[in-house]
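**Student:** Input structure: structure.cif, which contains mmCIF, N, CA and C atoms.
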```cif
data_coords
#
loop_
_atom_site.label_atom_id
_atom_site.label_comp_id
_atom_site.auth_asym_id
_atom_site.auth_seq_id
_atom_site.Cartn_x
_atom_site.Cartn_y
_atom_site.Cartn_z
N MET L 905 173.83 11.31 187.43
CA MET L 905 172.89 10.70 186.50
C MET L 905 173.59 9.61 185.68
N GLY L 906 174.83 9.87 185.30
CA GLY L 906 175.55 8.89 184.50
C GLY L 906 175.77 7.59 185.25
N GLN L 907 176.15 7.69 186.53
CA GLN L 907 176.37 6.49 187.34
C GLN L 907 175.07 5.72 187.53
N ILE L 908 173.98 6.44 187.73
CA ILE L 908 172.69 5.79 187.90
C ILE L 908 172.32 5.04 186.62
N PHE L 909 172.53 5.69 185.47
CA PHE L 909 172.22 5.05 184.19
C PHE L 909 173.06 3.79 183.98
N LEU L 910 174.35 3.88 184.26
CA LEU L 910 175.22 2.72 184.07
C LEU L 910 174.84 1.57 185.00
N ARG L 911 174.48 1.90 186.23
CA ARG L 911 174.07 0.85 187.16
C ARG L 911 172.76 0.22 186.75
N MET L 912 171.81 1.04 186.25
CA MET L 912 170.56 0.48 185.75
C MET L 912 170.82 -0.44 184.56
N LEU L 913 171.71 -0.02 183.69
CA LEU L 913 172.05 -0.81 182.51
C LEU L 913 172.68 -2.14 182.92
N LEU L 914 173.60 -2.09 183.87
CA LEU L 914 174.25 -3.31 184.32
C LEU L 914 173.26 -4.23 185.03
N MET L 915 172.34 -3.65 185.81
CA MET L 915 171.37 -4.47 186.52
C MET L 915 170.43 -5.18 185.54
N THR L 916 170.23 -4.60 184.38
CA THR L 916 169.30 -5.19 183.41
C THR L 916 170.02 -6.14 182.45
N ILE L 917 171.12 -5.70 181.91
CA ILE L 917 171.77 -6.44 180.83
C ILE L 917 172.61 -7.61 181.34
N VAL L 918 173.34 -7.43 182.41
CA VAL L 918 174.24 -8.49 182.87
C VAL L 918 173.48 -9.78 183.20
N PRO L 919 172.36 -9.74 183.92
CA PRO L 919 171.65 -11.00 184.15
C PRO L 919 171.14 -11.65 182.87
N LEU L 920 170.71 -10.84 181.90
CA LEU L 920 170.22 -11.42 180.64
C LEU L 920 171.35 -12.08 179.86
N VAL L 921 172.50 -11.44 179.82
CA VAL L 921 173.64 -12.03 179.12
C VAL L 921 174.10 -13.30 179.83
N PHE L 922 174.14 -13.25 181.16
CA PHE L 922 174.53 -14.43 181.93
C PHE L 922 173.56 -15.59 181.67
N ALA L 923 172.27 -15.28 181.67
CA ALA L 923 171.27 -16.33 181.43
C ALA L 923 171.41 -16.89 180.02
N SER L 924 171.65 -16.05 179.04
CA SER L 924 171.78 -16.55 177.67
C SER L 924 173.03 -17.41 177.51
N LEU L 925 174.13 -17.01 178.14
CA LEU L 925 175.34 -17.84 178.06
C LEU L 925 175.15 -19.17 178.79
N THR L 926 174.49 -19.12 179.93
CA THR L 926 174.24 -20.34 180.69
C THR L 926 173.33 -21.29 179.91
N LEU L 927 172.26 -20.75 179.33
CA LEU L 927 171.36 -21.58 178.55
C LEU L 927 172.06 -22.15 177.32
N GLY L 928 172.90 -21.34 176.69
CA GLY L 928 173.61 -21.82 175.52
C GLY L 928 174.58 -22.94 175.84
N SER L 929 175.33 -22.80 176.92
CA SER L 929 176.27 -23.86 177.28
C SER L 929 175.54 -25.10 177.76
N GLN L 930 174.42 -24.91 178.46
CA GLN L 930 173.63 -26.05 178.91
C GLN L 930 173.02 -26.78 177.73
N ALA L 931 172.57 -26.03 176.74
CA ALA L 931 171.97 -26.65 175.56
C ALA L 931 172.99 -27.46 174.79
N SER L 932 174.20 -26.94 174.68
CA SER L 932 175.21 -27.70 173.93
C SER L 932 175.67 -28.92 174.71
N ALA L 933 175.69 -28.82 176.04
CA ALA L 933 176.11 -29.97 176.85
C ALA L 933 175.06 -31.07 176.83
N THR L 934 173.78 -30.70 176.91
CA THR L 934 172.74 -31.73 176.92
C THR L 934 172.47 -32.29 175.54
N SER L 935 172.77 -31.53 174.51
CA SER L 935 172.52 -32.05 173.16
C SER L 935 173.49 -33.18 172.82
N ALA L 936 174.64 -33.19 173.43
CA ALA L 936 175.58 -34.27 173.18
C ALA L 936 175.08 -35.58 173.78
N ARG L 937 174.23 -35.49 174.82
CA ARG L 937 173.73 -36.69 175.48
C ARG L 937 172.38 -37.15 174.94
N SER L 938 171.68 -36.28 174.25
CA SER L 938 170.34 -36.65 173.81
C SER L 938 170.25 -36.70 172.30
N ASP L 939 169.08 -37.07 171.81
CA ASP L 939 168.90 -37.16 170.37
C ASP L 939 168.53 -35.82 169.75
N VAL L 940 168.32 -34.78 170.56
CA VAL L 940 167.99 -33.45 170.05
C VAL L 940 169.31 -32.73 169.75
N SER L 941 169.40 -32.18 168.56
CA SER L 941 170.66 -31.53 168.17
C SER L 941 170.78 -30.15 168.81
N ALA L 942 171.99 -29.62 168.78
CA ALA L 942 172.23 -28.29 169.33
C ALA L 942 171.50 -27.23 168.53
N ALA L 943 171.26 -27.49 167.25
CA ALA L 943 170.54 -26.53 166.42
C ALA L 943 169.11 -26.35 166.90
N GLY L 944 168.55 -27.37 167.53
CA GLY L 944 167.20 -27.26 168.05
C GLY L 944 167.13 -26.45 169.33
N ARG L 945 168.24 -26.34 170.05
CA ARG L 945 168.25 -25.61 171.32
C ARG L 945 168.89 -24.23 171.22
N SER L 946 169.61 -23.98 170.16
CA SER L 946 170.30 -22.69 170.04
C SER L 946 169.36 -21.51 169.84
N PRO L 947 168.14 -21.65 169.34
CA PRO L 947 167.27 -20.47 169.26
C PRO L 947 167.00 -19.81 170.61
N ILE L 948 166.96 -20.59 171.69
CA ILE L 948 166.78 -20.01 173.02
C ILE L 948 167.95 -19.08 173.32
N PHE L 949 169.14 -19.53 173.03
CA PHE L 949 170.34 -18.72 173.25
C PHE L 949 170.30 -17.46 172.41
N LEU L 950 169.96 -17.59 171.14
CA LEU L 950 169.93 -16.43 170.24
C LEU L 950 168.84 -15.44 170.62
N VAL L 951 167.68 -15.94 171.00
CA VAL L 951 166.58 -15.05 171.38
C VAL L 951 166.90 -14.30 172.66
N SER L 952 167.45 -14.98 173.66
CA SER L 952 167.77 -14.28 174.91
C SER L 952 168.88 -13.25 174.69
N THR L 953 169.84 -13.52 173.82
CA THR L 953 170.87 -12.54 173.52
C THR L 953 170.27 -11.34 172.78
N ALA L 954 169.37 -11.59 171.84
CA ALA L 954 168.72 -10.50 171.11
C ALA L 954 167.87 -9.65 172.05
N ILE L 955 167.20 -10.28 173.00
CA ILE L 955 166.38 -9.52 173.96
C ILE L 955 167.26 -8.62 174.81
N SER L 956 168.40 -9.11 175.27
CA SER L 956 169.27 -8.27 176.09
C SER L 956 169.84 -7.10 175.30
N ALA L 957 170.20 -7.32 174.04
CA ALA L 957 170.70 -6.22 173.22
C ALA L 957 169.61 -5.20 172.94
N THR L 958 168.39 -5.67 172.70
CA THR L 958 167.27 -4.75 172.43
C THR L 958 166.94 -3.92 173.66
N ILE L 959 166.94 -4.54 174.82
CA ILE L 959 166.67 -3.79 176.05
C ILE L 959 167.74 -2.73 176.27
N GLY L 960 168.99 -3.06 175.99
CA GLY L 960 170.07 -2.07 176.12
C GLY L 960 169.87 -0.89 175.19
N LEU L 961 169.51 -1.15 173.94
CA LEU L 961 169.28 -0.06 172.99
C LEU L 961 168.08 0.79 173.39
N ILE L 962 167.03 0.15 173.86
CA ILE L 962 165.84 0.88 174.28
C ILE L 962 166.17 1.78 175.47
N LEU L 963 166.92 1.26 176.42
CA LEU L 963 167.28 2.07 177.59
C LEU L 963 168.12 3.28 177.20
N VAL L 964 169.07 3.09 176.31
CA VAL L 964 169.92 4.21 175.90
C VAL L 964 169.09 5.27 175.18
N ASN L 965 168.21 4.85 174.29
CA ASN L 965 167.39 5.81 173.56
C ASN L 965 166.31 6.43 174.42
N LEU L 966 165.82 5.72 175.41
CA LEU L 966 164.75 6.21 176.25
C LEU L 966 165.27 7.17 177.32
N VAL L 967 166.35 6.78 177.98
CA VAL L 967 166.88 7.58 179.08
C VAL L 967 167.67 8.78 178.56
N GLN L 968 168.46 8.60 177.52
CA GLN L 968 169.32 9.62 176.93
C GLN L 968 170.08 10.41 178.02
N PRO L 969 171.05 9.77 178.63
CA PRO L 969 171.77 10.42 179.72
C PRO L 969 172.49 11.68 179.24
N GLY L 970 172.36 12.73 180.00
CA GLY L 970 173.02 14.00 179.70
C GLY L 970 172.18 14.98 178.91
N VAL L 971 171.09 14.53 178.30
CA VAL L 971 170.24 15.44 177.54
C VAL L 971 169.43 16.30 178.51
N GLY L 972 169.41 17.59 178.26
CA GLY L 972 168.62 18.49 179.10
C GLY L 972 169.38 19.04 180.30
N LEU L 973 170.67 18.76 180.39
CA LEU L 973 171.43 19.32 181.50
C LEU L 973 171.69 20.80 181.25
N ASP L 974 171.83 21.52 182.34
CA ASP L 974 172.14 22.94 182.28
C ASP L 974 173.51 23.13 181.63
N PRO L 975 173.64 24.03 180.63
CA PRO L 975 174.94 24.23 179.97
C PRO L 975 176.07 24.60 180.94
N ALA L 976 175.74 25.35 182.00
CA ALA L 976 176.76 25.69 182.98
C ALA L 976 177.26 24.44 183.70
N LEU L 977 176.36 23.53 184.00
CA LEU L 977 176.75 22.29 184.65
C LEU L 977 177.61 21.44 183.72
N VAL L 978 177.26 21.42 182.44
CA VAL L 978 178.05 20.67 181.45
C VAL L 978 179.48 21.21 181.40
N LYS L 979 179.63 22.53 181.37
CA LYS L 979 180.97 23.14 181.34
C LYS L 979 181.74 22.79 182.60
N GLU L 980 181.06 22.83 183.75
CA GLU L 980 181.72 22.51 185.02
C GLU L 980 182.17 21.04 185.05
N LEU L 981 181.33 20.15 184.58
CA LEU L 981 181.70 18.74 184.55
C LEU L 981 182.85 18.48 183.58
N LEU L 982 182.82 19.13 182.42
CA LEU L 982 183.92 18.98 181.47
C LEU L 982 185.23 19.48 182.05
N ALA L 983 185.17 20.61 182.74
CA ALA L 983 186.39 21.16 183.35
C ALA L 983 186.90 20.25 184.46
N THR L 984 185.98 19.67 185.21
CA THR L 984 186.37 18.82 186.34
C THR L 984 187.02 17.53 185.87
N TYR L 985 186.48 16.91 184.85
CA TYR L 985 186.94 15.58 184.46
C TYR L 985 187.80 15.55 183.21
N ARG L 986 188.14 16.70 182.66
CA ARG L 986 188.98 16.75 181.46
C ARG L 986 190.35 16.13 181.72
N ALA L 987 190.97 16.48 182.85
CA ALA L 987 192.31 15.95 183.15
C ALA L 987 192.26 14.43 183.32
N GLN L 988 191.21 13.93 183.95
CA GLN L 988 191.08 12.49 184.14
C GLN L 988 190.93 11.78 182.79
N ALA L 989 190.15 12.34 181.90
CA ALA L 989 189.96 11.73 180.58
C ALA L 989 191.24 11.79 179.76
N GLN L 990 191.98 12.89 179.86
CA GLN L 990 193.24 13.00 179.13
C GLN L 990 194.26 12.01 179.67
N GLY L 991 194.22 11.75 180.97
CA GLY L 991 195.11 10.75 181.55
C GLY L 991 194.80 9.36 181.04
N LEU L 992 193.54 9.07 180.85
CA LEU L 992 193.17 7.77 180.30
C LEU L 992 193.59 7.64 178.85
N GLN L 993 193.46 8.72 178.09
CA GLN L 993 193.87 8.69 176.69
C GLN L 993 195.38 8.56 176.57
N ALA L 994 196.11 9.19 177.46
CA ALA L 994 197.57 9.12 177.41
C ALA L 994 198.08 7.76 177.87
N GLY L 995 197.21 6.97 178.51
CA GLY L 995 197.61 5.67 179.01
C GLY L 995 197.82 4.62 177.93
N GLY L 996 197.68 4.99 176.69
CA GLY L 996 197.95 4.05 175.61
C GLY L 996 196.70 3.57 174.91
N GLY L 997 195.55 3.93 175.42
CA GLY L 997 194.32 3.51 174.74
C GLY L 997 194.09 2.02 174.84
N GLY L 998 192.97 1.60 174.45
CA GLY L 998 192.64 0.18 174.50
C GLY L 998 192.90 -0.49 173.18
N LYS L 999 193.81 -1.43 173.17
CA LYS L 999 194.10 -2.19 171.95
C LYS L 999 193.40 -3.52 172.07
N PHE L 1000 192.80 -3.95 170.98
CA PHE L 1000 192.13 -5.22 170.94
C PHE L 1000 192.96 -6.19 170.12
N GLY L 1001 192.87 -7.44 170.46
CA GLY L 1001 193.60 -8.44 169.70
C GLY L 1001 194.91 -8.81 170.37
N VAL L 1002 195.70 -9.57 169.66
CA VAL L 1002 196.98 -10.06 170.18
C VAL L 1002 198.09 -9.31 169.49
N ASP L 1003 199.01 -8.77 170.28
CA ASP L 1003 200.17 -8.07 169.72
C ASP L 1003 201.25 -9.10 169.42
N MET L 1004 201.53 -9.34 168.16
CA MET L 1004 202.48 -10.36 167.76
C MET L 1004 203.89 -9.81 167.54
N SER L 1005 204.12 -8.54 167.87
CA SER L 1005 205.46 -7.98 167.61
C SER L 1005 206.42 -8.26 168.74
#
```
Could you take the file, read its structure, and then write that structure out as structure tokens?

**Tutor:**
Amino acid sequence: MGQIFLRMLLMTIVPLVFASLTLGSQASATSARSDVSAAGRSPIFLVSTAISATIGLILVNLVQPGVGLDPALVKELLATYRAQAQGLQAGGGGKFGVDMS
């Protein structure tokens, strides 16, 4: 169920984000050539980004992956993937930013 949910999410959100980035870059490129400013075209970019974020939130709240699973199945899944998750945590975790040391 989790893989299905993630694939559905990617199929919905990735094209919307791609379209919003493409429209935003196109708007800024064409505004340099025309008399219409980038501020006049940026609402398209902002609206498409807001739509993609809203669809993502709606999908998460609507589908609620993992809710209603059998407790025995939850214990089995936790036992199966605990070592894999601990290996990822021991890998140093995800650091964001630039390490200047």

**Student:** Calculated over only C-alpha atoms, which of the candidates L:Gly928, L:Pro975, L:Gly906, L:Pro969 has the smallest distance to Ser952 of chain L?

**Tutor:**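 Closest to Ser952 of chain L of all the choices is L:Gly928.
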
**Student:** Go ahead and find all residues with at least one atom no further than 8 Å from (171.6, -21.7, 176.8) in the file's coordinates, using all atoms listed in the file; report them as an mmCIF file with N, CA and C atoms, keeping the file's coordinate frame.

**Tutor:**
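Final file, part_31.cif:
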```
data_model
loop_
_atom_site.group_PDB
_atom_site.id
_atom_site.type_symbol
_atom_site.label_atom_id
_atom_site.label_comp_id
_atom_site.auth_asym_id
_atom_site.auth_seq_id
_atom_site.Cartn_x
_atom_site.Cartn_y
_atom_site.Cartn_z
ATOM 1 N N ALA L 923 172.270 -15.280 181.670
ATOM 2 C CA ALA L 923 171.270 -16.330 181.430
ATOM 3 C C ALA L 923 171.410 -16.890 180.020
ATOM 4 N N SER L 924 171.650 -16.050 179.040
ATOM 5 C CA SER L 924 171.780 -16.550 177.670
ATOM 6 C C SER L 924 173.030 -17.410 177.510
ATOM 7 N N LEU L 925 174.130 -17.010 178.140
ATOM 8 C CA LEU L 925 175.340 -17.840 178.060
ATOM 9 C C LEU L 925 175.150 -19.170 178.790
ATOM 10 N N THR L 926 174.490 -19.120 179.930
ATOM 11 C CA THR L 926 174.240 -20.340 180.690
ATOM 12 C C THR L 926 173.330 -21.290 179.910
ATOM 13 N N LEU L 927 172.260 -20.750 179.330
ATOM 14 C CA LEU L 927 171.360 -21.580 178.550
ATOM 15 C C LEU L 927 172.060 -22.150 177.320
ATOM 16 N N GLY L 928 172.900 -21.340 176.690
ATOM 17 C CA GLY L 928 173.610 -21.820 175.520
ATOM 18 C C GLY L 928 174.580 -22.940 175.840
ATOM 19 N N SER L 929 175.330 -22.800 176.920
ATOM 20 C CA SER L 929 176.270 -23.860 177.280
ATOM 21 C C SER L 929 175.540 -25.100 177.760
ATOM 22 N N GLN L 930 174.420 -24.910 178.460
ATOM 23 C CA GLN L 930 173.630 -26.050 178.910
ATOM 24 C C GLN L 930 173.020 -26.780 177.730
ATOM 25 N N ALA L 931 172.570 -26.030 176.740
ATOM 26 C CA ALA L 931 171.970 -26.650 175.560
ATOM 27 C C ALA L 931 172.990 -27.460 174.790
ATOM 28 N N SER L 932 174.200 -26.940 174.680
ATOM 29 C CA SER L 932 175.210 -27.700 173.930
ATOM 30 C C SER L 932 175.670 -28.920 174.710
ATOM 31 N N ARG L 945 168.240 -26.340 170.050
ATOM 32 C CA ARG L 945 168.250 -25.610 171.320
ATOM 33 C C ARG L 945 168.890 -24.230 171.220
ATOM 34 N N SER L 946 169.610 -23.980 170.160
ATOM 35 C CA SER L 946 170.300 -22.690 170.040
ATOM 36 C C SER L 946 169.360 -21.510 169.840
ATOM 37 N N PRO L 947 168.140 -21.650 169.340
ATOM 38 C CA PRO L 947 167.270 -20.470 169.260
ATOM 39 C C PRO L 947 167.000 -19.810 170.610
ATOM 40 N N ILE L 948 166.960 -20.590 171.690
ATOM 41 C CA ILE L 948 166.780 -20.010 173.020
ATOM 42 C C ILE L 948 167.950 -19.080 173.320
ATOM 43 N N PHE L 949 169.140 -19.530 173.030
ATOM 44 C CA PHE L 949 170.340 -18.720 173.250
ATOM 45 C C PHE L 949 170.300 -17.460 172.410
ATOM 46 N N LEU L 950 169.960 -17.590 171.140
ATOM 47 C CA LEU L 950 169.930 -16.430 170.240
ATOM 48 C C LEU L 950 168.840 -15.440 170.620
#
```

**Student:** For atom C of Val971 of chain L and atom N of Phe909 of chain L, determine how far apart the two atoms are, in Å to one decimal place.

**Tutor:**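 Separating atom C of Val971 of chain L from atom N of Phe909 of chain L is a distance of 13.1 Å.
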
**Student:** Have a look at L:Met905, L:Leu920, L:Leu966, L:Met912 and name the one nearest to Ala954 of chain L; count only C-alpha atoms.

**Tutor:** L:Leu920

**Student:** Calculate how many Å separate atom N of Asn965 of chain L from atom C of Val918 of chain L, rounding to one decimal.

**Tutor:**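 Distance reported for this atom pair: 17.9 Å.
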
**Student:** Just the number, please: distance in Å from atom C of Val921 of chain L to atom N of Gln907 of chain L, one decimal.

**Tutor:**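 Interatomic distance here is 22.1 Å.
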